[in-house]
$ cat query_10.cif   # mmCIF, C-alpha atoms
data_my_file
loop_
_atom_site.label_atom_id
_atom_site.label_comp_id
_atom_site.auth_asym_id
_atom_site.auth_seq_id
_atom_site.Cartn_x
_atom_site.Cartn_y
_atom_site.Cartn_z
CA MET R 1 0.00 0.00 0.00
CA SER R 2 1.09 3.54 -0.68
CA THR R 3 1.75 6.04 2.09
CA GLY R 4 -1.47 7.84 1.22
CA ALA R 5 -3.51 4.63 1.55
CA TRP R 6 -2.08 4.05 5.03
CA VAL R 7 -2.98 7.59 5.99
CA VAL R 8 -6.56 6.96 4.78
CA VAL R 9 -6.77 3.84 6.97
CA ALA R 10 -5.36 5.73 9.97
CA ALA R 11 -7.77 8.65 9.49
CA VAL R 12 -10.78 6.34 9.21
CA ALA R 13 -9.71 4.43 12.35
CA LEU R 14 -9.17 7.68 14.26
CA ALA R 15 -12.55 9.07 13.23
CA LEU R 16 -14.46 5.87 14.05
CA GLY R 17 -12.68 5.45 17.38
CA LEU R 18 -13.25 9.02 18.51
CA GLY R 19 -16.80 9.07 17.15
CA CYS R 20 -17.84 5.87 18.92
CA PHE R 21 -16.20 7.01 22.16
CA ARG R 22 -18.08 10.29 21.99
CA ALA R 23 -21.36 8.61 21.12
CA LEU R 24 -20.99 6.47 24.26
CA THR R 25 -19.89 9.17 26.71
CA ASP R 26 -21.68 12.32 25.51
CA GLY R 27 -24.31 13.59 27.90
CA ARG R 28 -23.37 11.15 30.67
CA PHE R 29 -23.19 12.75 34.10
CA ARG R 30 -20.12 11.87 36.05
CA GLY R 31 -18.61 12.82 39.40
CA THR R 32 -17.20 16.28 39.68
CA HIS R 33 -13.62 16.92 38.66
CA ARG R 34 -12.99 18.31 42.11
CA VAL R 35 -13.92 15.03 43.76
CA ARG R 36 -11.65 13.19 41.36
CA ASP R 37 -8.78 15.56 42.06
CA VAL R 38 -8.94 15.34 45.84
CA ALA R 39 -6.68 12.66 47.29
CA PRO R 40 -8.09 10.32 49.97
CA VAL R 41 -8.74 12.53 52.97
CA VAL R 42 -6.11 12.06 55.65
CA GLU R 43 -5.89 15.55 57.05
CA PRO R 44 -8.86 17.95 57.01
CA VAL R 45 -9.20 19.50 53.58
CA GLU R 46 -9.73 23.25 53.60
CA PRO R 47 -13.32 24.08 52.67
CA VAL R 48 -13.64 24.55 48.93
CA GLU R 49 -15.42 27.62 47.68
CA ALA R 50 -18.70 26.66 46.04
CA PRO R 51 -18.67 27.04 42.25
CA TRP R 52 -21.74 29.27 42.53
CA SER R 53 -19.71 32.06 44.15
CA HIS R 54 -17.60 32.22 40.97
CA VAL R 55 -20.72 32.13 38.81
CA ALA R 56 -22.39 34.89 40.82
CA ALA R 57 -19.25 37.02 40.52
CA ALA R 58 -19.15 36.53 36.74
CA LEU R 59 -22.90 36.86 36.15
CA PRO R 60 -24.45 39.23 38.69
CA GLY R 61 -27.95 38.74 37.23
CA ALA R 62 -28.09 34.95 37.60
CA THR R 63 -30.11 33.35 40.39
CA LEU R 64 -29.40 30.09 42.18
CA GLY R 65 -32.24 27.57 42.08
CA GLU R 66 -34.02 26.78 45.35
CA LYS R 67 -33.39 23.09 44.86
CA ALA R 68 -30.78 22.87 42.12
CA THR R 69 -29.24 24.80 39.25
CA LEU R 70 -28.41 23.55 35.76
CA LEU R 71 -25.36 25.53 34.72
CA GLN R 72 -24.77 25.27 30.97
CA PHE R 73 -21.60 26.43 29.21
CA SER R 74 -22.14 27.30 25.55
CA SER R 75 -20.26 28.92 22.71
CA ALA R 76 -21.14 30.33 19.31
CA PHE R 77 -19.53 27.53 17.29
CA CYS R 78 -21.49 24.75 18.93
CA ALA R 79 -24.38 22.95 17.27
CA PRO R 80 -25.30 20.63 20.21
CA CYS R 81 -25.55 23.66 22.54
CA ARG R 82 -28.96 24.48 21.05
CA ALA R 83 -30.37 21.04 21.79
CA THR R 84 -28.89 21.21 25.30
CA ARG R 85 -30.46 24.64 25.89
CA ARG R 86 -33.85 23.25 24.91
CA THR R 87 -33.51 20.14 27.10
CA LEU R 88 -32.33 22.04 30.17
CA SER R 89 -34.94 24.81 29.93
CA GLU R 90 -37.63 22.15 29.55
CA VAL R 91 -36.42 20.42 32.70
CA ALA R 92 -36.27 23.77 34.53
CA GLU R 93 -39.89 24.44 33.54
CA LEU R 94 -40.91 20.97 34.58
CA VAL R 95 -39.22 20.66 37.96
CA PRO R 96 -40.05 23.34 40.54
CA GLY R 97 -37.09 24.99 42.24
CA VAL R 98 -34.68 24.24 39.38
CA GLU R 99 -33.03 27.09 37.46
CA HIS R 100 -31.29 26.92 34.11
CA VAL R 101 -28.37 29.32 33.76
CA GLU R 102 -26.53 29.50 30.45
CA VAL R 103 -23.02 30.95 30.32
CA ASP R 104 -21.32 32.11 27.13
CA ALA R 105 -17.98 30.37 27.65
CA GLU R 106 -16.01 32.69 25.36
CA HIS R 107 -16.92 35.75 27.38
CA HIS R 108 -16.34 34.19 30.79
CA LEU R 109 -13.00 32.45 30.35
CA GLU R 110 -12.00 33.06 33.97
CA LEU R 111 -15.05 31.12 35.11
CA VAL R 112 -14.36 28.45 32.47
CA ARG R 113 -10.85 27.97 33.87
CA ARG R 114 -11.97 27.97 37.51
CA LEU R 115 -14.55 25.26 36.85
CA GLY R 116 -12.27 23.34 34.48
CA ILE R 117 -14.63 23.44 31.50
CA LEU R 118 -13.02 21.95 28.37
CA ARG R 119 -15.90 21.56 25.93
CA THR R 120 -19.20 23.11 25.04
CA PRO R 121 -21.82 22.17 25.87
CA THR R 122 -20.90 21.21 29.44
CA THR R 123 -23.73 20.97 31.98
CA VAL R 124 -22.84 21.33 35.65
CA VAL R 125 -25.48 20.39 38.24
CA LEU R 126 -25.29 22.51 41.39
CA ASP R 127 -27.14 21.73 44.61
CA ARG R 128 -29.14 24.29 46.65
CA ALA R 129 -25.94 25.58 48.26
CA GLY R 130 -24.28 26.07 44.87
CA ARG R 131 -21.92 23.12 45.25
CA GLU R 132 -21.15 20.97 42.24
CA VAL R 133 -22.93 17.62 42.26
CA THR R 134 -22.03 16.25 38.85
CA ARG R 135 -21.33 17.34 35.29
CA ALA R 136 -21.74 16.12 31.74
CA ALA R 137 -19.91 17.10 28.55
CA GLY R 138 -21.91 16.89 25.34
CA ALA R 139 -25.68 17.17 24.91
CA PRO R 140 -27.53 15.23 27.66
CA ARG R 141 -30.96 13.63 27.22
CA LYS R 142 -33.86 14.69 29.41
CA GLU R 143 -33.83 11.45 31.44
CA GLN R 144 -30.12 11.89 32.11
CA VAL R 145 -30.71 15.41 33.44
CA LEU R 146 -33.62 14.29 35.62
CA ALA R 147 -31.54 11.43 37.05
CA ALA R 148 -28.67 13.82 37.78
CA LEU R 149 -31.07 16.21 39.53
CA GLY R 150 -32.11 13.33 41.77
CA ARG R 151 -28.56 13.28 43.09
CA ALA R 152 -28.71 17.00 43.92
CA GLU R 153 -31.59 16.69 46.41
CA MET J 154 -37.67 28.99 35.16
CA SER J 155 -34.99 29.70 32.64
CA ALA J 156 -32.40 32.43 32.73
CA THR J 157 -30.48 32.66 29.50
CA VAL J 158 -27.36 34.72 29.59
CA GLN J 159 -26.25 34.15 26.02
CA SER J 160 -27.08 37.16 23.89
CA SER J 161 -27.39 35.68 20.40
CA HIS J 162 -30.44 33.60 19.66
CA VAL J 163 -31.08 31.95 16.37
CA THR J 164 -34.55 31.75 14.94
CA THR J 165 -33.54 30.90 11.39
CA GLY J 166 -30.87 28.51 10.29
CA ILE J 167 -29.72 25.95 7.78
CA ASP J 168 -30.72 22.34 7.21
CA PRO J 169 -28.22 20.38 9.35
CA ARG J 170 -28.02 17.66 6.71
CA GLY J 171 -26.43 20.16 4.30
CA PRO J 172 -23.08 20.38 6.12
CA GLN J 173 -23.22 16.62 6.69
CA VAL J 174 -23.50 15.92 2.96
CA ALA J 175 -20.79 18.51 2.30
CA ALA J 176 -18.54 16.71 4.82
CA ALA J 177 -19.19 13.38 3.05
CA LEU J 178 -18.20 14.89 -0.31
CA THR J 179 -15.15 16.50 1.33
CA SER J 180 -14.17 13.07 2.71
CA VAL J 181 -14.33 11.50 -0.77
CA VAL J 182 -12.19 14.28 -2.25
CA LEU J 183 -9.63 14.02 0.58
CA VAL J 184 -9.36 10.22 0.18
CA ALA J 185 -8.66 10.80 -3.53
CA VAL J 186 -6.07 13.44 -2.60
CA LEU J 187 -4.30 11.02 -0.25
CA LEU J 188 -4.25 8.26 -2.86
CA LEU J 189 -3.00 10.54 -5.67
CA ALA J 190 -0.61 12.85 -3.76
CA PRO J 191 2.13 13.90 -4.13
CA GLY J 192 1.33 13.57 -7.84
CA PRO J 193 0.09 16.65 -9.71
CA ILE J 194 -3.56 15.46 -9.85
CA GLY J 195 -3.61 14.96 -6.08
CA ILE J 196 -2.17 18.41 -5.48
CA ALA J 197 -4.66 19.98 -7.91
CA LEU J 198 -7.58 18.25 -6.14
CA LEU J 199 -6.31 19.49 -2.78
CA ALA J 200 -6.08 23.03 -4.16
CA ALA J 201 -9.66 22.75 -5.43
CA GLN J 202 -10.81 21.51 -2.01
CA ALA J 203 -9.01 24.45 -0.40
CA VAL J 204 -11.01 26.81 -2.63
CA VAL J 205 -14.25 25.05 -1.56
CA PHE J 206 -13.23 25.45 2.12
CA ALA J 207 -12.42 29.13 1.52
CA LEU J 208 -15.83 29.74 -0.09
CA GLY J 209 -17.58 27.96 2.79
CA ALA J 210 -15.66 29.97 5.37
CA THR J 211 -16.21 33.36 3.75
CA ARG J 212 -19.69 33.07 2.24
CA GLY J 213 -21.18 30.44 4.54
CA VAL J 214 -21.52 26.69 4.01
CA GLN J 215 -24.96 27.11 2.47
CA HIS J 216 -23.46 29.12 -0.41
CA ALA J 217 -20.48 26.82 -1.10
CA PRO J 218 -20.40 24.39 -4.08
CA TYR J 219 -21.18 21.20 -2.13
CA SER J 220 -24.31 22.80 -0.77
CA TRP J 221 -25.52 23.21 -4.34
CA VAL J 222 -25.16 19.43 -4.76
CA PHE J 223 -27.16 18.95 -1.55
CA ARG J 224 -29.92 21.34 -2.59
CA THR J 225 -30.38 20.02 -6.11
CA LEU J 226 -29.69 16.29 -5.74
CA VAL J 227 -30.21 15.30 -2.09
CA ARG J 228 -32.71 17.61 -0.44
CA PRO J 229 -35.57 17.01 -2.93
CA ARG J 230 -35.44 13.33 -1.95
CA LEU J 231 -35.58 13.99 1.81
CA SER J 232 -38.43 15.05 4.05
CA PRO J 233 -38.24 18.65 5.33
CA PRO J 234 -35.76 19.11 8.20
CA THR J 235 -37.22 18.65 11.68
CA GLU J 236 -35.12 21.51 12.96
CA LEU J 237 -32.73 24.09 11.64
CA GLU J 238 -29.18 24.65 12.78
CA ASP J 239 -27.01 27.69 13.40
CA GLU J 240 -24.79 28.29 10.37
CA ARG J 241 -21.80 29.54 12.37
CA PRO J 242 -20.41 26.20 13.65
CA PRO J 243 -20.11 24.57 10.20
CA ARG J 244 -18.76 27.82 8.80
CA PHE J 245 -16.06 27.90 11.45
CA ALA J 246 -15.27 24.26 10.67
CA GLN J 247 -14.71 25.22 7.02
CA ALA J 248 -12.11 27.74 8.14
CA VAL J 249 -10.34 25.04 10.18
CA GLY J 250 -10.48 22.74 7.13
CA LEU J 251 -8.97 25.51 5.02
CA GLY J 252 -6.09 25.78 7.49
CA PHE J 253 -5.31 22.05 7.23
CA ALA J 254 -5.69 22.07 3.43
CA LEU J 255 -3.26 25.00 3.09
CA VAL J 256 -0.68 23.33 5.36
CA GLY J 257 -1.07 20.14 3.31
CA LEU J 258 -0.66 22.04 0.04
CA LEU J 259 2.44 23.77 1.36
CA GLY J 260 3.87 20.39 2.40
CA PHE J 261 3.33 18.72 -0.97
CA VAL J 262 4.48 21.77 -2.97
CA VAL J 263 7.79 22.21 -1.11
CA GLY J 264 8.42 18.45 -1.07
CA ALA J 265 7.72 17.89 2.65
CA ASP J 266 5.34 15.02 1.85
CA VAL J 267 5.05 13.85 5.47
CA LEU J 268 3.65 17.24 6.47
CA GLY J 269 1.22 17.07 3.55
CA PHE J 270 0.00 13.56 4.44
CA VAL J 271 -0.41 14.37 8.14
CA ALA J 272 -2.34 17.61 7.50
CA VAL J 273 -4.67 16.03 4.93
CA GLY J 274 -5.06 12.95 7.16
CA PHE J 275 -6.32 15.11 10.05
CA ALA J 276 -8.63 17.00 7.69
CA LEU J 277 -10.04 13.66 6.50
CA ALA J 278 -10.59 12.43 10.07
CA ALA J 279 -12.41 15.67 10.93
CA ALA J 280 -14.56 15.49 7.78
CA LEU J 281 -15.48 11.85 8.52
CA LEU J 282 -16.45 12.71 12.11
CA ASN J 283 -18.72 15.38 10.71
CA ALA J 284 -20.19 13.18 7.98
CA VAL J 285 -20.78 10.07 10.11
CA PHE J 286 -21.38 11.42 13.64
CA ARG J 287 -22.30 15.08 12.98
CA PHE J 288 -19.46 15.84 15.31
CA CYS J 289 -17.60 19.11 14.64
CA LEU J 290 -13.96 18.74 15.68
CA GLY J 291 -13.03 22.31 14.76
CA CYS J 292 -15.87 23.63 16.89
CA GLU J 293 -14.73 21.55 19.87
CA MET J 294 -11.20 22.85 19.57
CA TYR J 295 -12.44 26.42 19.56
CA LEU J 296 -12.99 26.71 23.33
CA LEU J 297 -9.70 24.96 24.11
CA LEU J 298 -7.83 27.34 21.79
CA THR J 299 -9.60 30.37 23.27
CA ARG J 300 -8.72 29.16 26.76
CA ILE J 301 -5.05 28.88 25.84
CA THR J 302 -4.69 32.10 23.88
CA HIS J 303 -6.71 34.54 26.02
#
$ encode --input "query_10.cif" --output "structure tokens"
Amino acid sequence: MSTGAWVVVAAVALALGLGCFRALTDGRFRGTHRVRDVAPVVEPVEPVEAPWSHVAAALPGATLGEKATLLQFSSAFCAPCRATRRTLSEVAELVPGVEHVEVDAEHHLELVRRLGILRTPTTVVLDRAGREVTRAAGAPRKEQVLAALGRAE
Amino acid sequence: MSATVQSSHVTTGIDPRGPQVAAALTSVVLVAVLLLAPGPIGIALLAAQAVVFALGATRGVQHAPYSWVFRTLVRPRLSPPTELEDERPPRFAQAVGLGFALVGLLGFVVGADVLGFVAVGFALAAALLNAVFRFCLGCEMYLLLTRITH
């Protein structure tokens, strides 16, 4: 086979691998990055500032939900962000005490760095105190959001 | 209750299957480029693809040549789209594609064939992801790049 043919095979393998991985993991809520980063607690860990305090500083107009908040990070060049916006606002309408707050990631890079956001859309579920419960990268389905909210109560 | 902080809202848009068909055609062209490069036909095809990317990036995907193929040959055979899509993500992806195509062209023209093959290979992988999974690699990289550079 020619060099070019090998490159074709490699590109197809790369695309299929990445595509299947994404199809499996997109929209799945997983433990917070902070929990993953913290080593097993031997000595008392200093209290971590709730993510909401950073959000409130960046977006003075946003309100924290009475029960939970669905914090969505979006950007202009993001097709799945639209579907995510629709899903999350539907859930916020449906479940009392839940707020949907959408953040334009490009204009709030400080917040993006503080919360360790790598992709849009990323949905972060915050509990009533504004602490992170779980997060999902990629567009989540409605059932996945409702299940994640169950963990915030 | 829903508090939306993003300023731009899209009420109109493009048929999302348009960019997908365009990505499939792009994939076919890039496979041909890889099989024919560094020969003159391969380089000419890559140059033509670069022009298509440039048109898509400057005028919008819906006004680029592959979209004409979609509108005249594919869309009449499909049911109307269930929803429309923002035209900015695929347009941005065309600009990323143009970048890879130009690097590839440069590689093949100056005789650095490895550079050419790698650049076109990545462009092909990105086009396939778009065509098969509707997944926009360029769009995903956008936030990471913004994070690094700002």
$ resolve_selection --input "query_10.cif" --expression "the PyMOL selection byres ((chain R and resi 103) around 6)" --output "list in words"
Gln72, Phe73, Glu102, Asp104 and Ala105 of chain R; Val158 of chain J
$ closest_residue --input "query_10.cif" --among "R:Gly150, R:Gly4, R:Pro60, R:Gly31" --to "chain J" --atoms "all atoms listed in the file"
R:Gly4
$ interface_residues --input "query_10.cif" --of "chain R" --to "chain J" --cutoff "6 Å" --atoms "only C-alpha atoms" --output "list in words"
Gly4, Ala5, Val7, Ala11, Ala15, Phe77, Cys78, Ser89, Ala92, Glu93, Glu99, His100, Val101, Glu102, Val103 and Asp104 of chain R
$ residues_around --input "query_10.cif" --residues "R:Glu90" --least-positions-apart "4" --cutoff "12 Å" --atoms "only C-alpha atoms" --output "PDB file with C-alpha atoms, keeping the file's coordinate frame"
ATOM      1  CA  LEU R  70     -28.410  23.550  35.760  1.00  0.00           C
ATOM      2  CA  ALA R  83     -30.370  21.040  21.790  1.00  0.00           C
ATOM      3  CA  THR R  84     -28.890  21.210  25.300  1.00  0.00           C
ATOM      4  CA  ARG R  85     -30.460  24.640  25.890  1.00  0.00           C
ATOM      5  CA  ARG R  86     -33.850  23.250  24.910  1.00  0.00           C
ATOM      6  CA  LEU R  94     -40.910  20.970  34.580  1.00  0.00           C
ATOM      7  CA  VAL R  95     -39.220  20.660  37.960  1.00  0.00           C
ATOM      8  CA  PRO R  96     -40.050  23.340  40.540  1.00  0.00           C
ATOM      9  CA  VAL R  98     -34.680  24.240  39.380  1.00  0.00           C
ATOM     10  CA  GLU R  99     -33.030  27.090  37.460  1.00  0.00           C
ATOM     11  CA  HIS R 100     -31.290  26.920  34.110  1.00  0.00           C
ATOM     12  CA  ARG R 141     -30.960  13.630  27.220  1.00  0.00           C
ATOM     13  CA  LYS R 142     -33.860  14.690  29.410  1.00  0.00           C
ATOM     14  CA  GLU R 143     -33.830  11.450  31.440  1.00  0.00           C
ATOM     15  CA  VAL R 145     -30.710  15.410  33.440  1.00  0.00           C
ATOM     16  CA  LEU R 146     -33.620  14.290  35.620  1.00  0.00           C
TER      17      LEU R 146
ATOM     18  CA  MET J 154     -37.670  28.990  35.160  1.00  0.00           C
ATOM     19  CA  SER J 155     -34.990  29.700  32.640  1.00  0.00           C
ATOM     20  CA  ALA J 156     -32.400  32.430  32.730  1.00  0.00           C
TER      21      ALA J 156
END
$ resolve_selection --input "query_10.cif" --expression "the PyMOL selection byres ((chain R and resi 129) around 12)" --output "PyMOL selection string"
chain R and resi 49-53+63-69+125-128+130-133+152-153
$ residues_around --input "query_10.cif" --residues "J:Leu178" --least-positions-apart "4" --cutoff "8 Å" --atoms "all atoms listed in the file" --output "CSV table (one decimal) with C-alpha atoms, in the coordinates of the input"
chain,number,residue,atom,x,y,z
J,174,VAL,CA,-23.5,15.9,3.0
J,182,VAL,CA,-12.2,14.3,-2.2
J,219,TYR,CA,-21.2,21.2,-2.1
$ resolve_selection --input "query_10.cif" --expression "the PyMOL selection byres ((chain J and resi 261) around 10)" --output "ChimeraX atom specification"
/J:190-193,195-196,199,255-260,262-270
$ closest_residue --input "query_10.cif" --among "R:Val91, R:Ala137, R:Val55, R:Cys81" --to "R:Leu109" --atoms "all atoms listed in the file"
R:Val55
$ closest_residue --input "query_10.cif" --among "J:Leu290, J:Gly213, J:Leu237, J:Val249" --to "J:Thr165" --atoms "only C-alpha atoms"
J:Leu237
$ atom_distance --input "query_10.cif" --atom1 "atom CA of R:Leu14" --atom2 "atom CA of J:Arg170"
22.6 Å
$ atom_distance --input "query_10.cif" --atom1 "atom CA of J:Pro218" --atom2 "atom CA of J:Thr179"
10.9 Å
$ atom_distance --input "query_10.cif" --atom1 "atom CA of R:Gly116" --atom2 "atom CA of R:Arg135"
10.9 Å
$ closest_residue --input "query_10.cif" --among "J:Ala248, J:Ala272, J:Val205, J:Leu231" --to "J:Ala175" --atoms "all atoms listed in the file"
J:Val205
$ decode --input "query_10.cif" --residues "stretch 111-122 of chain R" --atoms "all heavy atoms" --output "short mmCIF file (atom, residue, chain, number, x, y, z; two decimals), in the first residue's frame"
data_model
loop_
_atom_site.label_atom_id
_atom_site.label_comp_id
_atom_site.auth_asym_id
_atom_site.auth_seq_id
_atom_site.Cartn_x
_atom_site.Cartn_y
_atom_site.Cartn_z
N LEU R 111 -14.14 32.09 34.52
CA LEU R 111 -15.05 31.12 35.11
C LEU R 111 -14.83 29.73 34.50
O LEU R 111 -14.82 28.72 35.20
CB LEU R 111 -16.49 31.60 34.89
CG LEU R 111 -17.62 30.75 35.46
CD1 LEU R 111 -17.50 30.67 36.97
CD2 LEU R 111 -18.97 31.34 35.07
N VAL R 112 -14.62 29.70 33.19
CA VAL R 112 -14.36 28.45 32.47
C VAL R 112 -13.12 27.77 33.04
O VAL R 112 -13.11 26.56 33.30
CB VAL R 112 -14.18 28.74 30.96
CG1 VAL R 112 -13.50 27.59 30.24
CG2 VAL R 112 -15.53 29.03 30.31
N ARG R 113 -12.08 28.55 33.32
CA ARG R 113 -10.85 27.97 33.87
C ARG R 113 -11.07 27.51 35.31
O ARG R 113 -10.62 26.43 35.69
CB ARG R 113 -9.72 29.00 33.84
CG ARG R 113 -9.21 29.22 32.45
CD ARG R 113 -7.87 29.93 32.43
NE ARG R 113 -7.62 30.45 31.10
CZ ARG R 113 -7.96 31.68 30.71
NH1 ARG R 113 -8.50 32.52 31.56
NH2 ARG R 113 -7.72 32.07 29.48
N ARG R 114 -11.75 28.32 36.10
CA ARG R 114 -11.97 27.97 37.51
C ARG R 114 -12.74 26.66 37.64
O ARG R 114 -12.47 25.85 38.51
CB ARG R 114 -12.74 29.07 38.23
CG ARG R 114 -11.86 30.19 38.70
CD ARG R 114 -12.66 31.14 39.57
NE ARG R 114 -11.95 32.38 39.80
CZ ARG R 114 -11.01 32.52 40.72
NH1 ARG R 114 -10.70 31.51 41.49
NH2 ARG R 114 -10.40 33.68 40.87
N LEU R 115 -13.72 26.47 36.76
CA LEU R 115 -14.55 25.26 36.85
C LEU R 115 -13.99 24.14 35.98
O LEU R 115 -14.57 23.06 35.93
CB LEU R 115 -16.00 25.56 36.47
CG LEU R 115 -16.76 26.57 37.35
CD1 LEU R 115 -18.24 26.51 37.07
CD2 LEU R 115 -16.51 26.34 38.83
N GLY R 116 -12.89 24.40 35.28
CA GLY R 116 -12.27 23.34 34.48
C GLY R 116 -13.13 22.87 33.33
O GLY R 116 -13.21 21.68 33.05
N ILE R 117 -13.79 23.80 32.64
CA ILE R 117 -14.63 23.44 31.50
C ILE R 117 -13.74 23.32 30.25
O ILE R 117 -12.97 24.22 29.94
CB ILE R 117 -15.71 24.53 31.24
CG1 ILE R 117 -16.52 24.81 32.50
CG2 ILE R 117 -16.61 24.15 30.06
CD1 ILE R 117 -17.33 23.66 33.00
N LEU R 118 -13.85 22.19 29.55
CA LEU R 118 -13.02 21.95 28.37
C LEU R 118 -13.81 21.99 27.07
O LEU R 118 -13.27 22.27 26.02
CB LEU R 118 -12.32 20.59 28.48
CG LEU R 118 -11.35 20.44 29.65
CD1 LEU R 118 -10.87 19.01 29.74
CD2 LEU R 118 -10.18 21.38 29.49
N ARG R 119 -15.10 21.66 27.14
CA ARG R 119 -15.90 21.56 25.93
C ARG R 119 -17.21 22.30 26.12
O ARG R 119 -17.67 22.46 27.23
CB ARG R 119 -16.27 20.09 25.68
CG ARG R 119 -15.21 19.22 25.13
CD ARG R 119 -15.75 17.80 25.07
NE ARG R 119 -16.88 17.71 24.16
CZ ARG R 119 -17.71 16.67 24.11
NH1 ARG R 119 -17.55 15.65 24.92
NH2 ARG R 119 -18.69 16.64 23.25
N THR R 120 -17.81 22.67 24.98
CA THR R 120 -19.20 23.11 25.04
C THR R 120 -20.02 22.14 24.21
O THR R 120 -19.54 21.69 23.18
CB THR R 120 -19.37 24.53 24.48
OG1 THR R 120 -18.81 24.59 23.18
CG2 THR R 120 -18.69 25.54 25.38
N PRO R 121 -21.23 21.78 24.61
CA PRO R 121 -21.82 22.17 25.87
C PRO R 121 -21.30 21.32 27.04
O PRO R 121 -21.07 20.13 26.87
CB PRO R 121 -23.30 21.86 25.64
CG PRO R 121 -23.30 20.71 24.69
CD PRO R 121 -22.10 20.91 23.82
N THR R 122 -21.10 21.96 28.20
CA THR R 122 -20.90 21.21 29.44
C THR R 122 -22.01 21.65 30.39
O THR R 122 -22.29 22.84 30.52
CB THR R 122 -19.52 21.49 30.05
OG1 THR R 122 -18.52 20.93 29.21
CG2 THR R 122 -19.40 20.87 31.43
#
